[in-house]
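Colleague: Sharing upload.tsv below, TSV, C-alpha atoms and all ligand atoms:
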chain	number	residue	atom	x	y	z
A	1	MET	CA	0.00	0.00	0.00
A	2	SER	CA	1.47	3.38	-0.93
A	3	LEU	CA	1.56	5.92	1.88
A	4	SER	CA	0.58	9.58	1.65
A	5	PRO	CA	3.43	12.08	2.17
A	6	ILE	CA	2.41	12.79	5.75
A	7	GLU	CA	2.27	9.09	6.60
A	8	LYS	CA	5.74	8.64	5.09
A	9	ALA	CA	7.01	11.37	7.38
A	10	LYS	CA	5.43	9.77	10.45
A	11	ARG	CA	6.92	6.41	9.54
A	12	ALA	CA	10.37	7.90	8.98
A	13	ALA	CA	10.32	9.58	12.40
A	14	ALA	CA	9.12	6.41	14.14
A	15	HIS	CA	11.73	4.23	12.45
A	16	ALA	CA	14.64	6.58	13.09
A	17	ALA	CA	13.77	6.85	16.80
A	18	SER	CA	13.20	3.12	17.09
A	19	GLU	CA	16.56	2.31	15.53
A	20	ALA	CA	18.26	4.66	17.97
A	21	PHE	CA	16.44	3.72	21.17
A	22	ILE	CA	14.91	0.23	20.92
A	23	ARG	CA	17.05	-2.69	22.07
A	24	SER	CA	16.44	-6.23	23.35
A	25	GLY	CA	15.60	-6.47	27.02
A	26	LEU	CA	14.05	-3.00	27.27
A	27	ARG	CA	10.82	-2.04	29.01
A	28	ILE	CA	9.20	0.29	26.50
A	29	GLY	CA	6.41	2.80	27.05
A	30	VAL	CA	4.41	2.95	23.83
A	31	GLY	CA	2.55	6.22	23.24
A	32	SER	CA	-0.67	6.81	21.33
A	33	GLY	CA	-1.68	8.19	17.97
A	34	SER	CA	-1.13	7.62	14.29
A	35	THR	CA	2.66	8.21	14.39
A	36	VAL	CA	3.03	5.65	17.19
A	37	LYS	CA	1.32	3.06	14.97
A	38	TYR	CA	4.56	2.99	12.95
A	39	LEU	CA	6.51	2.33	16.15
A	40	VAL	CA	4.21	-0.63	16.82
A	41	ASP	CA	4.79	-1.86	13.24
A	42	TYR	CA	8.56	-1.60	13.79
A	43	LEU	CA	8.34	-3.55	17.07
A	44	LYS	CA	6.17	-6.19	15.42
A	45	GLU	CA	8.65	-6.67	12.58
A	46	GLN	CA	11.75	-6.76	14.79
A	47	TYR	CA	10.21	-8.92	17.51
A	48	GLY	CA	8.51	-11.22	15.02
A	49	SER	CA	11.79	-11.83	13.19
A	50	GLY	CA	13.64	-12.55	16.43
A	51	GLU	CA	15.93	-9.51	16.07
A	52	LEU	CA	14.42	-8.02	19.20
A	53	LYS	CA	14.12	-10.23	22.30
A	54	GLU	CA	12.74	-10.01	25.82
A	55	ILE	CA	11.08	-6.63	25.51
A	56	LEU	CA	8.03	-5.51	27.46
A	57	CYS	CA	5.61	-3.01	25.94
A	58	ILE	CA	3.59	-0.77	28.23
A	59	PRO	CA	0.77	0.99	26.35
A	60	THR	CA	-0.62	4.44	27.05
A	61	SER	CA	-4.14	3.81	25.75
A	62	PHE	CA	-6.72	1.15	24.96
A	63	MET	CA	-6.01	1.58	21.25
A	64	THR	CA	-2.26	1.12	21.61
A	65	ARG	CA	-2.79	-1.91	23.85
A	66	LYS	CA	-4.98	-3.44	21.15
A	67	TRP	CA	-2.38	-2.73	18.44
A	68	LEU	CA	0.31	-4.37	20.60
A	69	ILE	CA	-1.83	-7.43	21.36
A	70	ASP	CA	-2.84	-7.78	17.70
A	71	SER	CA	0.87	-7.62	16.79
A	72	ASN	CA	1.72	-10.47	19.21
A	73	LEU	CA	4.00	-8.23	21.21
A	74	PRO	CA	4.57	-8.81	24.94
A	75	VAL	CA	2.32	-6.38	26.78
A	76	SER	CA	2.75	-5.36	30.39
A	77	ASP	CA	1.40	-2.57	32.60
A	78	LEU	CA	2.64	-0.23	35.27
A	79	GLU	CA	1.45	-2.56	38.05
A	80	LYS	CA	3.83	-5.31	36.94
A	81	THR	CA	6.39	-3.02	35.35
A	82	PRO	CA	6.44	0.34	37.15
A	83	GLU	CA	9.86	1.40	35.85
A	84	LEU	CA	10.52	1.78	32.14
A	85	ASP	CA	13.69	2.28	30.14
A	86	VAL	CA	12.22	4.46	27.44
A	87	CYS	CA	8.87	5.87	26.34
A	88	ILE	CA	8.29	6.86	22.72
A	89	ASP	CA	5.25	8.97	21.89
A	90	GLY	CA	3.87	11.43	19.35
A	91	ALA	CA	2.96	15.08	19.92
A	92	ASP	CA	0.68	17.76	18.49
A	93	GLU	CA	3.26	20.52	18.73
A	94	VAL	CA	6.85	20.82	19.93
A	95	ASP	CA	8.77	24.02	20.71
A	96	PRO	CA	12.57	24.56	20.44
A	97	SER	CA	13.02	23.58	24.13
A	98	LEU	CA	11.17	20.34	23.37
A	99	ASN	CA	8.09	21.27	25.37
A	100	CYS	CA	5.06	19.58	23.84
A	101	ILE	CA	1.32	19.95	23.52
A	102	LYS	CA	-0.19	16.47	23.51
A	103	GLY	CA	-3.63	14.93	23.86
A	104	GLY	CA	-5.00	15.62	20.40
A	105	GLY	CA	-5.93	11.94	20.42
A	106	GLY	CA	-7.33	12.20	23.94
A	107	CYS	CA	-4.89	9.94	25.79
A	108	LEU	CA	-2.89	12.52	27.71
A	109	THR	CA	-3.24	11.28	31.31
A	110	GLN	CA	-2.06	7.73	30.70
A	111	GLU	CA	0.60	9.09	28.36
A	112	LYS	CA	1.90	11.37	31.10
A	113	ILE	CA	1.96	8.62	33.73
A	114	VAL	CA	3.84	6.26	31.41
A	115	GLN	CA	6.22	9.04	30.34
A	116	ASN	CA	6.92	9.82	33.99
A	117	ALA	CA	7.74	6.17	34.69
A	118	ALA	CA	10.36	6.10	31.91
A	119	LYS	CA	14.02	7.01	32.20
A	120	LYS	CA	13.93	8.58	28.73
A	121	PHE	CA	11.11	10.25	26.81
A	122	VAL	CA	11.47	10.38	23.04
A	123	VAL	CA	8.99	12.13	20.75
A	124	ILE	CA	8.29	11.24	17.12
A	125	ALA	CA	6.53	13.64	14.77
A	126	ASP	CA	6.25	14.85	11.22
A	127	SER	CA	8.09	18.11	10.73
A	128	ASN	CA	4.84	20.15	10.63
A	129	LYS	CA	4.67	19.69	14.41
A	130	LYS	CA	7.83	21.74	14.91
A	131	ALA	CA	6.92	25.20	16.25
A	132	LYS	CA	8.85	28.37	16.99
A	133	PHE	CA	6.99	28.62	20.31
A	134	LEU	CA	4.34	26.55	22.09
A	135	GLY	CA	0.93	27.53	20.81
A	136	GLU	CA	2.19	28.78	17.45
A	137	LYS	CA	0.14	26.36	15.35
A	138	TYR	CA	-1.81	24.14	17.73
A	139	LYS	CA	-4.25	26.56	19.26
A	140	ALA	CA	-5.64	24.57	22.18
A	141	VAL	CA	-4.41	22.59	25.16
A	142	PRO	CA	-6.34	19.37	25.74
A	143	ILE	CA	-7.37	18.94	29.37
A	144	GLU	CA	-8.92	15.85	30.96
A	145	ILE	CA	-11.58	16.68	33.53
A	146	LEU	CA	-13.89	14.67	35.78
A	147	PRO	CA	-17.49	14.36	34.55
A	148	PHE	CA	-18.70	15.49	37.97
A	149	GLY	CA	-19.13	19.26	37.88
A	150	TYR	CA	-17.77	19.51	34.33
A	151	VAL	CA	-19.50	22.83	33.55
A	152	ALA	CA	-18.23	24.40	36.78
A	153	THR	CA	-14.73	23.05	36.12
A	154	GLN	CA	-14.68	24.67	32.68
A	155	ARG	CA	-15.81	27.96	34.21
A	156	PHE	CA	-13.06	27.71	36.85
A	157	ILE	CA	-10.49	27.16	34.09
A	158	GLN	CA	-11.74	30.18	32.13
A	159	GLN	CA	-11.81	32.36	35.25
A	160	LYS	CA	-8.31	31.37	36.28
A	161	VAL	CA	-6.42	31.36	32.99
A	162	GLY	CA	-8.76	33.04	30.50
A	163	GLY	CA	-9.52	31.69	27.07
A	164	GLU	CA	-12.38	29.37	26.29
A	165	CYS	CA	-13.07	25.74	27.04
A	166	GLU	CA	-14.67	23.57	24.41
A	167	MET	CA	-15.94	20.12	25.30
A	168	ARG	CA	-14.54	17.52	22.91
A	169	LEU	CA	-17.61	15.86	21.41
A	170	GLY	CA	-17.89	12.59	19.56
A	171	PRO	CA	-20.57	11.11	17.30
A	172	LYS	CA	-24.11	12.33	18.00
A	173	PHE	CA	-22.67	15.07	20.24
A	174	PHE	CA	-21.84	12.70	23.07
A	175	PRO	CA	-18.88	13.84	25.12
A	176	THR	CA	-15.62	12.15	24.19
A	177	ILE	CA	-14.84	9.75	27.03
A	178	THR	CA	-11.19	9.15	27.87
A	179	ASP	CA	-9.65	5.77	28.71
A	180	ASN	CA	-10.18	6.77	32.35
A	181	GLY	CA	-13.92	7.46	31.95
A	182	ASN	CA	-13.48	11.24	32.05
A	183	TYR	CA	-14.32	14.14	29.73
A	184	LEU	CA	-11.97	16.05	27.49
A	185	VAL	CA	-11.87	19.78	27.08
A	186	ASP	CA	-9.89	21.71	24.49
A	187	TRP	CA	-8.81	24.90	26.20
A	188	LYS	CA	-8.49	27.60	23.54
A	189	PHE	CA	-5.93	29.73	25.30
A	190	PRO	CA	-5.88	33.50	24.86
A	191	GLU	CA	-3.16	34.80	22.53
A	192	SER	CA	-1.53	36.41	25.58
A	193	SER	CA	-0.76	32.93	26.96
A	194	VAL	CA	1.70	32.11	24.23
A	195	ALA	CA	4.00	34.84	25.46
A	196	THR	CA	3.85	33.77	29.09
A	197	ASP	CA	5.16	30.99	31.24
A	198	TRP	CA	3.50	27.71	30.27
A	199	ALA	CA	4.78	26.00	33.44
A	200	PHE	CA	2.95	28.57	35.57
A	201	ILE	CA	-0.21	28.24	33.48
A	202	ASN	CA	0.00	24.47	33.77
A	203	GLN	CA	0.22	24.68	37.57
A	204	GLN	CA	-2.73	27.09	37.62
A	205	ILE	CA	-4.87	24.67	35.63
A	206	LEU	CA	-3.79	21.62	37.62
A	207	SER	CA	-4.75	23.34	40.86
A	208	ILE	CA	-8.42	23.52	39.82
A	209	PRO	CA	-10.64	20.86	41.42
A	210	GLY	CA	-11.99	18.56	38.73
A	211	VAL	CA	-8.95	18.85	36.48
A	212	VAL	CA	-7.25	15.48	36.08
A	213	GLU	CA	-4.34	16.33	33.78
A	214	THR	CA	-3.29	18.64	30.97
A	215	GLY	CA	-1.68	17.98	27.62
A	216	LEU	CA	1.26	20.23	28.43
A	217	PHE	CA	4.38	18.04	28.55
A	218	LEU	CA	6.95	20.54	29.77
A	219	ASN	CA	10.64	19.88	30.12
A	220	VAL	CA	10.31	16.12	29.81
A	221	ALA	CA	11.30	15.21	26.25
A	222	GLU	CA	14.92	14.21	25.85
A	223	THR	CA	15.01	13.90	22.07
A	224	VAL	CA	12.54	14.68	19.31
A	225	TYR	CA	12.61	13.09	15.86
A	226	PHE	CA	10.99	15.30	13.22
A	227	ALA	CA	10.74	13.78	9.75
A	228	THR	CA	9.76	14.90	6.28
A	229	PRO	CA	7.94	12.80	3.66
A	230	GLU	CA	11.28	12.50	1.81
A	231	GLY	CA	12.67	10.67	4.84
A	232	GLU	CA	14.92	13.46	6.11
A	233	VAL	CA	15.04	13.26	9.88
A	234	ASP	CA	15.89	16.18	12.11
A	235	ILE	CA	16.97	14.96	15.55
A	236	VAL	CA	16.73	17.61	18.24
A	237	SER	CA	18.10	16.79	21.68
A	238	LYS	CA	17.75	18.65	24.92
A	239	LYS	CA	20.57	21.09	25.50
A	301	LIG	O1	-1.01	12.95	22.36
A	301	LIG	C1	-1.45	12.17	21.54
A	301	LIG	C2	-2.70	11.40	21.75
A	301	LIG	O2	-3.40	11.86	22.87
A	301	LIG	C3	-0.75	11.95	20.25
A	301	LIG	O3	0.56	11.55	20.52
A	301	LIG	C4	-0.76	13.23	19.46
A	301	LIG	O4	-2.10	13.65	19.34
A	301	LIG	C5	-0.15	13.03	18.09
A	301	LIG	O5	-0.94	12.16	17.35
A	301	LIG	P1	-0.62	11.79	15.83
A	301	LIG	O6	0.65	10.98	15.85
A	301	LIG	O7	-1.81	10.99	15.39
A	301	LIG	O8	-0.47	13.09	15.08
Just dump the structure as structure tokens.
Ligand SMILES: O=C(CO)[C@H](O)[C@H](O)COP(=O)(O)O

Modeller:
Amino acid sequence: MSLSPIEKAKRAAAHAASEAFIRSGLRIGVGSGSTVKYLVDYLKEQYGSGELKEILCIPTSFMTRKWLIDSNLPVSDLEKTPELDVCIDGADEVDPSLNCIKGGGGCLTQEKIVQNAAKKFVVIADSNKKAKFLGEKYKAVPIEILPFGYVATQRFIQQKVGGECEMRLGPKFFPTITDNGNYLVDWKFPESSVATDWAFINQQILSIPGVVETGLFLNVAETVYFATPEGEVDIVSKK
């Protein structure tokens, strides 16, 4: 099957990062999203051929877990495997300091827990995700909130950090339900936020009752692989 240019870029990023970071014996956090699917394909190929041995894959979402199981890869979880060697995940936007906005696919809380359990966090993305500053192109921060009091929680967010909260809706206008049974809000931040301190804003949001987690992954990525459809890979590491 021939891939579209964007899919070629995602695959190139996933393969380059996998070749650099995946080894036999590793406990691997496997992120979520369409770019991560190419990581799963890589693991399937390498493990299936016997090149890669004794790995454990710890998924960050129901979907990723299903991909791993369908690929006959050894799946574990953070109960049995609470410490990971590496976590590889996608992102919606990455700034020059490797801060990321994630959660476009709605899996941000489990992604953050798995990322936090890993010694190294590596991001894979097509080069369109590279931004001059956080919030340049991706104009919202996904936030997971509890269903209880969800309208009040959105109002608290707006009162505290401005902008506008939009409930992520699915088919027939049902709320999108996360893997944890919660709701998802896309916080359309005010333009003034992009010039301010995202770490402070993140703390402000996290302090609101009802907020479970945000899609701001600040100061955690060690290396980011950005790729183009032509297969050129730009590897940016933390300074
Ligand atoms: O954070 C995520 C899911 O919650 C994804 O990693 C992010 O949305 C990127 O997805 P894709 O690789 O499909 O562009």

Colleague: Taking only C-alpha atoms and all ligand atoms into account, which residues have an atom no farther than 7 Å from ligand LIG 301 (chain A)? I'd like them as a PyMOL selection string.

Modeller: chain A and resi 31-36+89-92+102-108+125

Colleague: Would you compute the distance between atom CA of Tyr138 of chain A and atom CA of Thr196 of chain A? Give it in Å to one decimal.

Modeller: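 We find that atom CA of Tyr138 of chain A and atom CA of Thr196 of chain A lie 15.9 Å from each other.
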
Colleague: Restricting the calculation to all atoms listed in the file, which member of A:Phe21, A:Tyr183, A:Tyr47, A:Phe156 is positioned closest to Leu73 of chain A?

Modeller: A:Tyr47

Colleague: What does the distance from atom CA of Lys238 of chain A to atom CA of Thr223 of chain A come to in Å, to one decimal?

Modeller: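 According to the coordinates, atom CA of Lys238 of chain A and atom CA of Thr223 of chain A are separated by 6.2 Å.
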
Colleague: Could you state the separation of atom CA of Ser2 of chain A and atom CA of Lys66 of chain A in Å, given to one decimal place?

Modeller: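 Going from atom CA of Ser2 of chain A over to atom CA of Lys66 of chain A, I get 24.0 Å.
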